[in-house]
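*Asks:* The following file, data17.tsv, comprises TSV, C-alpha atoms and all ligand atoms:
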chain	number	residue	atom	x	y	z
A	328	MET	CA	0.00	0.00	0.00
A	329	SER	CA	2.94	2.34	-0.57
A	330	GLY	CA	2.17	5.68	-2.15
A	331	THR	CA	-1.45	5.41	-1.11
A	332	PRO	CA	-3.66	8.41	-0.62
A	333	TYR	CA	-3.22	7.74	3.09
A	334	GLY	CA	0.50	8.43	2.83
A	335	LYS	CA	-0.18	11.51	0.79
A	336	SER	CA	-2.68	12.93	3.21
A	337	MET	CA	-0.25	12.33	6.06
A	338	ALA	CA	2.30	14.44	4.22
A	339	LYS	CA	-0.31	17.09	3.61
A	340	ALA	CA	-1.29	17.03	7.28
A	341	ALA	CA	2.35	17.48	8.25
A	342	VAL	CA	2.61	20.53	6.01
A	343	GLU	CA	-0.55	21.97	7.50
A	344	ALA	CA	0.70	21.32	11.02
A	345	ALA	CA	3.94	23.09	10.21
A	346	ARG	CA	1.96	26.03	8.84
A	347	ALA	CA	-0.17	26.14	11.94
A	348	ALA	CA	2.96	26.11	14.08
A	349	GLY	CA	4.33	28.97	12.02
A	350	ALA	CA	1.08	30.83	12.46
A	351	THR	CA	1.25	30.57	16.24
A	352	LYS	CA	4.70	32.14	16.12
A	353	LYS	CA	3.22	35.23	14.55
A	354	LYS	CA	3.18	37.99	17.12
A	355	VAL	CA	-0.12	38.03	18.97
A	356	GLU	CA	-1.51	41.46	19.72
A	357	ARG	CA	-2.00	41.95	23.44
A	358	VAL	CA	-3.19	45.11	25.13
A	359	TYR	CA	-2.11	46.42	28.53
A	360	ASN	CA	-4.78	44.87	30.70
A	361	PHE	CA	-5.65	46.93	33.79
A	362	ASN	CA	-8.61	44.71	34.68
A	363	PRO	CA	-9.24	44.19	38.41
A	364	GLY	CA	-9.77	40.45	38.15
A	365	PRO	CA	-9.57	38.10	36.44
A	366	ALA	CA	-6.46	40.02	35.64
A	367	THR	CA	-3.39	39.95	33.45
A	368	LEU	CA	-1.12	36.91	33.76
A	369	PRO	CA	2.64	36.72	33.22
A	370	LEU	CA	3.31	36.22	29.50
A	371	PRO	CA	5.76	33.33	30.10
A	372	VAL	CA	2.97	31.53	31.97
A	373	LEU	CA	0.53	31.96	29.09
A	374	GLU	CA	3.18	30.79	26.63
A	375	GLU	CA	3.87	27.68	28.64
A	376	LEU	CA	0.15	26.97	28.89
A	377	GLN	CA	-0.12	27.27	25.14
A	378	LYS	CA	2.93	25.13	24.49
A	379	ASN	CA	1.79	22.29	26.72
A	380	LEU	CA	-1.95	22.46	26.25
A	381	LEU	CA	-2.24	19.49	23.90
A	382	ALA	CA	0.05	17.25	25.92
A	383	LEU	CA	2.07	17.71	29.07
A	384	PRO	CA	5.68	16.72	28.35
A	385	GLY	CA	6.13	13.00	28.95
A	386	VAL	CA	2.44	12.49	29.76
A	387	GLY	CA	0.79	12.58	26.35
A	388	MET	CA	-2.39	14.13	27.72
A	389	SER	CA	-3.55	17.68	28.28
A	390	VAL	CA	-3.62	18.94	31.83
A	391	LEU	CA	-7.35	19.38	31.13
A	392	GLU	CA	-7.68	15.64	30.70
A	393	ILE	CA	-5.69	14.14	33.56
A	394	SER	CA	-7.09	12.56	36.70
A	395	HIS	CA	-6.92	14.61	39.86
A	396	ARG	CA	-5.68	11.40	41.50
A	397	SER	CA	-2.89	10.79	38.97
A	398	LYS	CA	0.80	10.93	39.79
A	399	THR	CA	1.08	13.81	37.34
A	400	PHE	CA	-1.43	15.97	39.17
A	401	ASP	CA	0.01	14.94	42.50
A	402	GLY	CA	3.30	16.35	41.27
A	403	ILE	CA	1.64	19.55	40.07
A	404	ILE	CA	-0.24	20.30	43.30
A	405	SER	CA	2.68	19.29	45.53
A	406	ALA	CA	5.03	21.55	43.60
A	407	ALA	CA	2.53	24.43	43.84
A	408	GLU	CA	2.32	23.99	47.60
A	409	ALA	CA	6.10	23.70	47.97
A	410	ASP	CA	6.65	26.86	45.90
A	411	LEU	CA	4.05	28.77	47.89
A	412	ARG	CA	5.77	27.67	51.10
A	413	LYS	CA	9.11	28.79	49.74
A	414	LEU	CA	7.81	32.19	48.61
A	415	LEU	CA	6.15	32.95	51.94
A	416	ASN	CA	8.72	31.18	54.10
A	417	LEU	CA	5.76	29.32	55.54
A	418	PRO	CA	6.43	27.32	58.72
A	419	ASP	CA	5.38	23.64	58.89
A	420	THR	CA	2.77	24.59	61.46
A	421	TYR	CA	0.56	25.95	58.66
A	422	ALA	CA	-1.55	23.85	56.28
A	423	VAL	CA	-2.17	24.91	52.69
A	424	MET	CA	-5.43	24.14	50.89
A	425	PHE	CA	-6.51	24.77	47.31
A	426	LEU	CA	-10.30	25.06	47.38
A	427	GLN	CA	-13.17	26.21	45.21
A	428	GLY	CA	-16.01	28.68	45.67
A	429	GLY	CA	-13.84	31.79	45.37
A	430	ALA	CA	-12.88	34.13	48.17
A	431	SER	CA	-16.62	34.62	48.65
A	432	LEU	CA	-17.09	31.10	49.99
A	433	GLN	CA	-14.42	31.87	52.59
A	434	PHE	CA	-16.71	34.61	53.92
A	435	THR	CA	-18.88	31.65	55.01
A	436	MET	CA	-16.24	29.01	55.75
A	437	VAL	CA	-14.26	31.20	58.15
A	438	PRO	CA	-17.13	31.77	60.62
A	439	MET	CA	-18.57	28.30	60.07
A	440	ASN	CA	-15.28	26.73	61.11
A	441	LEU	CA	-13.88	29.25	63.57
A	442	LEU	CA	-16.72	31.17	65.20
A	443	PRO	CA	-18.21	29.22	68.14
A	444	LYS	CA	-21.92	29.55	68.92
A	445	ASP	CA	-21.23	31.37	72.19
A	446	GLY	CA	-18.42	33.48	70.76
A	447	SER	CA	-18.01	36.64	68.74
A	448	ALA	CA	-15.68	37.69	65.92
A	449	ASP	CA	-14.16	41.11	65.21
A	450	TYR	CA	-14.31	42.55	61.70
A	451	LEU	CA	-12.35	45.57	60.52
A	452	VAL	CA	-14.41	46.94	57.67
A	453	SER	CA	-12.49	48.79	54.99
A	454	GLY	CA	-14.50	48.23	51.83
A	455	HIS	CA	-17.01	46.28	49.81
A	456	TRP	CA	-15.40	42.88	50.33
A	457	SER	CA	-15.11	43.30	54.10
A	458	GLU	CA	-18.80	44.21	54.12
A	459	ARG	CA	-19.59	41.04	52.22
A	460	ALA	CA	-17.55	39.04	54.73
A	461	VAL	CA	-19.54	40.62	57.58
A	462	LYS	CA	-22.84	39.92	55.86
A	463	GLU	CA	-22.10	36.20	55.63
A	464	ALA	CA	-20.59	35.93	59.12
A	465	LYS	CA	-23.70	37.50	60.66
A	466	LYS	CA	-25.76	34.61	59.30
A	467	LEU	CA	-23.67	32.22	61.37
A	468	GLY	CA	-22.77	34.00	64.58
A	469	LYS	CA	-22.08	37.17	66.49
A	470	VAL	CA	-20.08	39.86	64.72
A	471	ASN	CA	-18.48	42.91	66.27
A	472	ILE	CA	-17.62	45.71	63.83
A	473	ALA	CA	-14.26	46.61	65.33
A	474	GLY	CA	-13.74	49.56	62.99
A	475	SER	CA	-15.26	50.87	59.77
A	476	THR	CA	-14.68	53.75	57.41
A	477	GLU	CA	-17.93	53.32	55.54
A	478	SER	CA	-19.09	56.82	56.51
A	479	GLU	CA	-16.16	58.20	54.49
A	480	ASN	CA	-16.89	55.98	51.51
A	481	PHE	CA	-13.85	53.88	52.47
A	482	ARG	CA	-11.31	56.42	51.29
A	483	ARG	CA	-9.04	55.38	54.13
A	484	LEU	CA	-8.48	52.48	56.53
A	485	PRO	CA	-9.82	52.47	60.08
A	486	ARG	CA	-7.14	54.05	62.27
A	487	ARG	CA	-5.76	52.25	65.25
A	488	ASP	CA	-7.25	54.68	67.76
A	489	GLU	CA	-10.67	53.95	66.27
A	490	TRP	CA	-10.54	50.18	66.64
A	491	LYS	CA	-12.71	48.52	69.23
A	492	LEU	CA	-11.14	45.12	69.47
A	493	ASP	CA	-12.55	42.49	71.79
A	494	PRO	CA	-9.71	40.59	73.50
A	495	LYS	CA	-11.99	37.55	73.71
A	496	ALA	CA	-12.88	37.54	70.01
A	497	ALA	CA	-12.64	34.21	68.19
A	498	TYR	CA	-10.64	36.01	65.50
A	499	VAL	CA	-10.11	39.40	63.86
A	500	HIS	CA	-10.92	39.56	60.16
A	501	PHE	CA	-9.53	42.20	57.81
A	502	THR	CA	-9.16	42.76	54.06
A	503	SER	CA	-5.52	43.50	53.31
A	504	ASN	CA	-6.18	45.30	50.02
A	505	ASN	CA	-9.43	46.96	49.06
A	506	THR	CA	-9.68	46.24	45.36
A	507	ILE	CA	-12.54	48.63	44.71
A	508	TYR	CA	-11.56	51.61	46.88
A	509	GLY	CA	-7.82	51.46	46.23
A	510	THR	CA	-6.64	51.26	49.82
A	511	GLU	CA	-4.21	48.82	51.39
A	512	TRP	CA	-3.01	47.91	54.87
A	513	TRP	CA	0.71	48.64	54.85
A	514	LYS	CA	1.12	46.69	58.01
A	515	GLU	CA	-1.26	44.09	59.29
A	516	PRO	CA	-3.27	45.20	62.35
A	517	GLU	CA	-1.66	44.26	65.66
A	518	VAL	CA	-4.24	42.19	67.45
A	519	GLY	CA	-2.26	40.54	70.23
A	520	SER	CA	-3.00	36.88	70.72
A	521	VAL	CA	-6.36	36.88	68.93
A	522	PRO	CA	-6.05	34.93	65.66
A	523	LEU	CA	-5.73	37.24	62.67
A	524	VAL	CA	-7.72	36.23	59.57
A	525	CYS	CA	-7.00	37.97	56.29
A	526	ASP	CA	-8.73	38.19	52.94
A	527	ALA	CA	-5.64	38.79	50.79
A	528	SER	CA	-7.32	38.16	47.44
A	529	SER	CA	-5.97	41.27	45.77
A	530	ASN	CA	-2.49	41.62	47.24
A	531	ILE	CA	-1.31	38.15	48.19
A	532	LEU	CA	2.33	37.59	47.21
A	533	SER	CA	2.73	41.22	46.18
A	534	LYS	CA	5.17	42.01	48.99
A	535	TRP	CA	6.98	40.43	51.87
A	536	ILE	CA	4.84	39.72	54.94
A	537	ASP	CA	5.62	38.11	58.28
A	538	VAL	CA	3.28	35.19	57.85
A	539	LYS	CA	3.64	34.18	61.52
A	540	LYS	CA	1.42	37.13	62.43
A	541	TYR	CA	-1.48	35.49	60.65
A	542	ALA	CA	-3.68	32.59	61.70
A	543	LEU	CA	-5.45	32.28	58.37
A	544	ILE	CA	-4.94	33.86	54.94
A	545	TYR	CA	-7.25	33.26	52.02
A	546	ALA	CA	-7.18	34.52	48.45
A	547	GLY	CA	-9.00	33.83	45.22
A	548	ALA	CA	-6.35	33.22	42.59
A	549	GLN	CA	-7.67	35.36	39.77
A	550	LYS	CA	-6.08	38.66	40.80
A	551	ASN	CA	-2.53	37.95	41.83
A	552	MET	CA	-1.95	34.22	41.54
A	553	GLY	CA	-3.54	32.77	38.45
A	554	ALA	CA	-6.87	31.90	36.91
A	555	ALA	CA	-10.35	31.92	38.45
A	556	GLY	CA	-11.47	28.63	39.93
A	557	VAL	CA	-9.13	28.05	42.83
A	558	THR	CA	-8.83	29.75	46.22
A	559	THR	CA	-5.74	29.37	48.35
A	560	VAL	CA	-6.29	28.98	52.09
A	561	ILE	CA	-3.35	29.00	54.50
A	562	ILE	CA	-4.29	28.04	58.03
A	563	ARG	CA	-2.33	27.58	61.26
A	564	ASP	CA	-2.69	24.03	62.58
A	565	ASP	CA	-4.11	24.99	65.96
A	566	LEU	CA	-7.12	26.59	64.28
A	567	LEU	CA	-8.01	23.28	62.69
A	568	GLU	CA	-8.54	21.96	66.23
A	569	ARG	CA	-11.39	24.44	66.68
A	570	VAL	CA	-13.38	23.17	63.73
A	571	PRO	CA	-16.65	21.76	65.08
A	572	SER	CA	-17.64	18.26	64.02
A	573	GLY	CA	-20.59	17.68	61.75
A	574	LEU	CA	-19.98	20.47	59.25
A	575	PRO	CA	-20.98	19.86	55.64
A	576	SER	CA	-17.97	18.04	54.22
A	577	MET	CA	-17.20	20.52	51.46
A	578	LEU	CA	-17.17	23.37	54.00
A	579	ASP	CA	-14.96	21.65	56.55
A	580	TYR	CA	-11.37	22.96	56.79
A	581	LYS	CA	-10.26	19.97	58.81
A	582	LEU	CA	-11.43	17.51	56.20
A	583	HIS	CA	-9.87	19.45	53.31
A	584	ALA	CA	-6.59	19.68	55.19
A	585	GLN	CA	-6.61	15.95	56.01
A	586	LYS	CA	-7.42	15.07	52.41
A	587	LYS	CA	-4.75	17.43	51.07
A	588	SER	CA	-7.32	19.35	48.98
A	589	ALA	CA	-8.29	16.14	47.17
A	590	TYR	CA	-11.55	15.30	48.95
A	591	ASN	CA	-13.31	15.84	45.64
A	592	THR	CA	-12.11	16.70	42.13
A	593	SER	CA	-9.58	19.51	42.35
A	594	PRO	CA	-9.81	22.35	39.84
A	595	VAL	CA	-6.94	20.73	37.98
A	596	PHE	CA	-6.39	23.40	35.37
A	597	ALA	CA	-6.58	26.33	37.81
A	598	VAL	CA	-4.11	24.62	40.14
A	599	TYR	CA	-1.77	24.04	37.19
A	600	VAL	CA	-1.91	27.75	36.25
A	601	LEU	CA	-1.37	28.71	39.89
A	602	GLY	CA	1.70	26.47	39.97
A	603	LEU	CA	3.13	28.14	36.87
A	604	VAL	CA	2.57	31.61	38.34
A	605	LEU	CA	4.29	30.62	41.60
A	606	ARG	CA	7.25	29.21	39.69
A	607	TRP	CA	7.45	32.43	37.66
A	608	LEU	CA	7.50	34.43	40.89
A	609	LEU	CA	10.35	32.34	42.28
A	610	LYS	CA	12.24	32.62	39.02
A	611	ILE	CA	12.13	36.42	38.89
A	612	GLY	CA	13.44	36.64	42.47
A	613	GLY	CA	10.53	35.98	44.80
A	614	LEU	CA	8.66	38.47	46.96
A	615	LYS	CA	11.57	40.85	47.31
A	616	GLU	CA	11.78	41.42	43.57
A	617	ILE	CA	8.02	41.55	43.02
A	618	GLU	CA	7.70	44.08	45.85
A	619	ARG	CA	10.36	46.23	44.18
A	620	ARG	CA	8.47	46.10	40.88
A	621	ASN	CA	5.10	46.79	42.50
A	622	GLU	CA	6.51	49.70	44.45
A	623	GLU	CA	7.94	51.20	41.28
A	624	LYS	CA	4.75	50.77	39.25
A	625	ALA	CA	2.54	52.34	41.92
A	626	ARG	CA	5.00	55.17	42.53
A	627	LEU	CA	5.06	56.09	38.81
A	628	ILE	CA	1.27	56.36	38.64
A	629	TYR	CA	0.82	58.20	41.95
A	630	GLU	CA	3.58	60.63	40.96
A	631	GLY	CA	1.72	61.22	37.71
A	632	ILE	CA	-1.47	61.95	39.64
A	633	ASP	CA	0.18	64.18	42.25
A	634	ALA	CA	2.16	66.15	39.67
A	635	SER	CA	-0.94	67.00	37.62
A	636	GLY	CA	-1.84	70.08	39.65
A	637	GLY	CA	-5.23	68.65	40.57
A	638	PHE	CA	-6.29	67.52	37.09
A	639	TYR	CA	-6.04	63.93	38.35
A	640	ARG	CA	-7.20	63.36	41.93
A	641	GLY	CA	-6.47	60.19	43.85
A	642	THR	CA	-9.62	59.00	45.67
A	643	ALA	CA	-7.81	57.26	48.55
A	644	GLU	CA	-6.17	59.11	51.41
A	645	LYS	CA	-2.41	59.13	50.83
A	646	GLU	CA	-1.55	57.08	53.93
A	647	SER	CA	-3.95	54.35	52.80
A	648	ARG	CA	-3.03	54.16	49.12
A	649	SER	CA	-2.91	50.74	47.49
A	650	ARG	CA	-0.06	49.53	45.32
A	651	MET	CA	-2.35	47.16	43.49
A	652	ASN	CA	-5.42	49.24	42.62
A	653	ILE	CA	-4.90	52.91	41.94
A	654	THR	CA	-8.14	54.86	41.92
A	655	PHE	CA	-8.40	58.41	40.62
A	656	ARG	CA	-10.79	60.91	39.15
A	657	LEU	CA	-10.73	63.64	36.51
A	658	PRO	CA	-12.40	67.07	36.64
A	659	SER	CA	-15.66	65.76	35.12
A	660	GLU	CA	-17.43	62.53	34.26
A	661	GLU	CA	-17.37	63.53	30.60
A	662	LEU	CA	-13.58	63.74	30.70
A	663	GLU	CA	-13.43	60.41	32.50
A	664	ALA	CA	-15.45	58.73	29.78
A	665	LYS	CA	-13.28	60.34	27.13
A	666	PHE	CA	-10.12	59.23	28.94
A	667	ILE	CA	-11.31	55.63	29.12
A	668	GLN	CA	-12.22	55.57	25.45
A	669	GLU	CA	-9.03	57.19	24.18
A	670	ALA	CA	-6.87	55.08	26.48
A	671	ALA	CA	-8.47	51.93	25.08
A	672	GLU	CA	-7.56	53.13	21.58
A	673	GLN	CA	-3.94	53.25	22.81
A	674	LYS	CA	-4.24	49.64	24.01
A	675	LEU	CA	-4.65	50.69	27.65
A	676	SER	CA	-7.63	48.55	28.58
A	677	GLY	CA	-9.78	48.02	31.68
A	678	LEU	CA	-9.34	51.42	33.34
A	679	LYS	CA	-12.95	52.10	34.29
A	680	GLY	CA	-13.40	52.42	38.04
A	681	HIS	CA	-15.94	50.47	40.06
A	682	ARG	CA	-19.38	52.11	40.03
A	683	SER	CA	-19.27	52.71	43.79
A	684	VAL	CA	-16.19	54.95	43.47
A	685	GLY	CA	-16.55	56.14	39.88
A	686	GLY	CA	-13.68	57.51	37.86
A	687	LEU	CA	-10.67	55.44	36.94
A	688	ARG	CA	-8.91	52.46	38.43
A	689	ALA	CA	-5.57	51.12	37.28
A	690	SER	CA	-5.13	47.61	38.63
A	691	VAL	CA	-1.45	46.78	38.46
A	692	PHE	CA	-1.13	43.36	40.05
A	693	ASN	CA	2.11	41.35	40.11
A	694	ALA	CA	1.99	40.31	36.47
A	695	PHE	CA	1.29	43.80	35.14
A	696	PRO	CA	4.43	45.02	33.34
A	697	VAL	CA	6.18	48.30	34.15
A	698	GLU	CA	6.12	49.21	30.41
A	699	GLY	CA	2.32	49.30	30.62
A	700	VAL	CA	2.55	51.70	33.55
A	701	GLN	CA	4.96	53.93	31.63
A	702	ALA	CA	2.53	53.91	28.70
A	703	LEU	CA	-0.32	54.93	31.01
A	704	VAL	CA	1.65	57.74	32.63
A	705	GLY	CA	2.65	59.05	29.20
A	706	PHE	CA	-0.96	58.90	28.07
A	707	MET	CA	-2.09	60.75	31.22
A	708	LYS	CA	0.33	63.61	30.47
A	709	ASP	CA	-0.83	63.82	26.85
A	710	PHE	CA	-4.46	63.73	27.80
A	711	GLN	CA	-4.04	66.51	30.34
A	712	GLN	CA	-2.21	68.67	27.83
A	713	LYS	CA	-5.04	68.32	25.34
A	714	ASN	CA	-7.92	68.57	27.80
A	715	GLY	CA	-6.59	70.37	30.89
B	1	LIG	C1	-12.33	39.88	44.15
B	1	LIG	C2	-12.33	39.85	45.61
B	1	LIG	C3	-13.15	38.97	46.33
B	1	LIG	C4	-14.17	38.06	45.67
B	1	LIG	O1	-13.56	36.97	45.09
B	1	LIG	P1	-14.39	35.80	44.40
B	1	LIG	O2	-13.31	34.84	44.07
B	1	LIG	O3	-15.07	36.38	43.22
B	1	LIG	O4	-15.34	35.26	45.40
B	1	LIG	C5	-13.04	38.95	47.71
B	1	LIG	N1	-12.17	39.74	48.34
B	1	LIG	C6	-11.38	40.61	47.69
B	1	LIG	C7	-10.43	41.47	48.46
B	1	LIG	C8	-11.43	40.68	46.31
B	1	LIG	O5	-10.63	41.54	45.65
What is this file in structure tokens?
Ligand SMILES: *Cc1c(COP(=O)(O)O)cnc(C)c1O
*Replies:*
Amino acid sequence: MSGTPYGKSMAKAAVEAARAAGATKKKVERVYNFNPGPATLPLPVLEELQKNLLALPGVGMSVLEISHRSKTFDGIISAAEADLRKLLNLPDTYAVMFLQGGASLQFTMVPMNLLPKDGSADYLVSGHWSERAVKEAKKLGKVNIAGSTESENFRRLPRRDEWKLDPKAAYVHFTSNNTIYGTEWWKEPEVGSVPLVCDASSNILSKWIDVKKYALIYAGAQKNMGAAGVTTVIIRDDLLERVPSGLPSMLDYKLHAQKKSAYNTSPVFAVYVLGLVLRWLLKIGGLKEIERRNEEKARLIYEGIDASGGFYRGTAEKESRSRMNITFRLPSEELEAKFIQEAAEQKLSGLKGHRSVGGLRASVFNAFPVEGVQALVGFMKDFQQKNG
């Protein structure tokens, strides 16, 4: 059967495959993506995803097709955990879980697991997501609002002299970066021996932290660590002892920790992406290097705002400014709309602020490149010259 049409079509297929490969090498047009989440990912991570999507090297199957109980996935999730531990210098006394349900499910799981029926939990309220956390906790137990800046539309964090902490609280909950209002806790609140619980969804791994000050940290991956679909939970072992028995299995920290996040099907793809992002972070120099980059990016934009003579106005109080989400306004809503449209034409995308703050928001998470920030600052100068 030599020289059969089969042989011919194989040759043709090979040519087509080569063409397709050539086509993927063509430069893909990407914009600077200022979206607040899901957010921009490191380009090397996307390239590796693309390269290995059809078959993981040596496995012959896509990561989308492998069993969550396979050796391959075991390797992927173990490496992700090990890299996370390395990045954060996480002591062995903390367990790491990769769960589903987003950060929003943690608003429920935290009180369900850690707030006893006869107890009370302190919440420092610094924005929309802290309010959501309070709303869910109230359904399950007693909540004490230990500080809130709602009356000032969350333009700053609650100051220490305003806190009303309860020394007997089951835990203190705070939101380390307020994605919508553009404020960030520079230092975690000092809460003594009461366990500190942190929603770090929008600034996890953006800077060095002393993880030993925290009892529990949770974060949806889609802002600073990867794709939507997986939530990282880091919990100190002694808190697992407080988990009451009889909780619904999927909402039980103790069970998830015992089962090493494999009680049910893990979000295999999201964990894989998370692992690639963590490896990228280690490769570029870990938290020290990413903090340097984040500091530089935020400084460039805030300097642009502050040097504009009032044309651009930051919405957050200076002492509370976030490095991750930079919120600002222009002299009028018409100009804001024009800015957003013209910026998009310059490939600066996703700059519209959240409706509760209005104006503009530049989200510059870990993976956002400094060149994109320079492009934005240049555009801001131009725009002011033409419209100021
Ligand atoms: C985005 C965000 C959330 C909500 O995350 P989901 O994964 O959509 O549930 C919670 N907290 C903070 C600080 C966020 O930025």
*Asks:* Nearest to Leu383 in chain A: which of A:Arg487, A:Leu441, A:Phe596, A:Lys540 is it, counting only C-alpha atoms?
*Replies:* A:Phe596
*Asks:* Please write out the residues within 6 Å of ligand LIG 1 (chain B) as a compact mmCIF listing (two decimals) with C-alpha atoms, in the frame of the given file, counting only C-alpha atoms and all ligand atoms.
*Replies:*
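Below is the file result12.txt, written as the result:
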# COMPACT_ATOMS: atom_id res chain seq x y z
CA GLY A 429 -13.84 31.79 45.37
CA ALA A 430 -12.88 34.13 48.17
CA SER A 431 -16.62 34.62 48.65
CA TRP A 456 -15.40 42.88 50.33
CA THR A 502 -9.16 42.76 54.06
CA ASN A 504 -6.18 45.30 50.02
CA ASN A 505 -9.43 46.96 49.06
CA THR A 506 -9.68 46.24 45.36
CA ASP A 526 -8.73 38.19 52.94
CA ALA A 527 -5.64 38.79 50.79
CA SER A 528 -7.32 38.16 47.44
CA SER A 529 -5.97 41.27 45.77
CA GLY A 547 -9.00 33.83 45.22
*Asks:* Env of Ser593 in chain A: 10 Å cut, atoms = only C-alpha atoms, seq-sep filter 4 positions within chain, self excluded. Answer as a ChimeraX atom specification.
*Replies:* /A:394-396,400,404,425-427,556-557,588-589,597-598
*Asks:* Give the answer as one residue: which of A:Leu603, A:Leu578, A:Met651, A:Ala422 has the shortest atom-to-atom distance to Trp513 in chain A, using only C-alpha atoms?
*Replies:*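 Residue with the minimum atom-to-atom distance to Trp513 in chain A: A:Met651.
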*Asks:* Skipping near chain neighbours, those fewer than 5 positions away, what residues fall within 8 Å of Val600 in chain A using only C-alpha atoms, listed as an NGL selection string?
*Replies:* :A and (372 or 376 or 553-554)
*Asks:* Out of A:Asn379, A:Thr420, A:Ser503, A:Gln712, which residue has the shortest atom-to-atom distance to Arg650 in chain A when counting all atoms listed in the file?
*Replies:*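 Selected residue with least distance to Arg650 in chain A: A:Ser503.
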*Asks:* Quick one: of A:Thr592, A:Gln377, A:Gln433, A:Thr510, who's nearest to Gly641 in chain A, counting only C-alpha atoms?
*Replies:*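 Nearest to Gly641 in chain A: A:Thr510.
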*Asks:* Could you check which of A:Leu414, A:Val691, A:Ala464, A:Val521 is closest to Ile611 in chain A, using only C-alpha atoms?
*Replies:* A:Leu414
*Asks:* So that I can see what lies close to Asp449 in chain A, please list as a PyMOL selection string the residues with an atom at most 6 Å from it, counting all atoms listed in the file and leaving out residues fewer than 4 positions away in the same chain.
*Replies:* chain A and resi 471-473+499
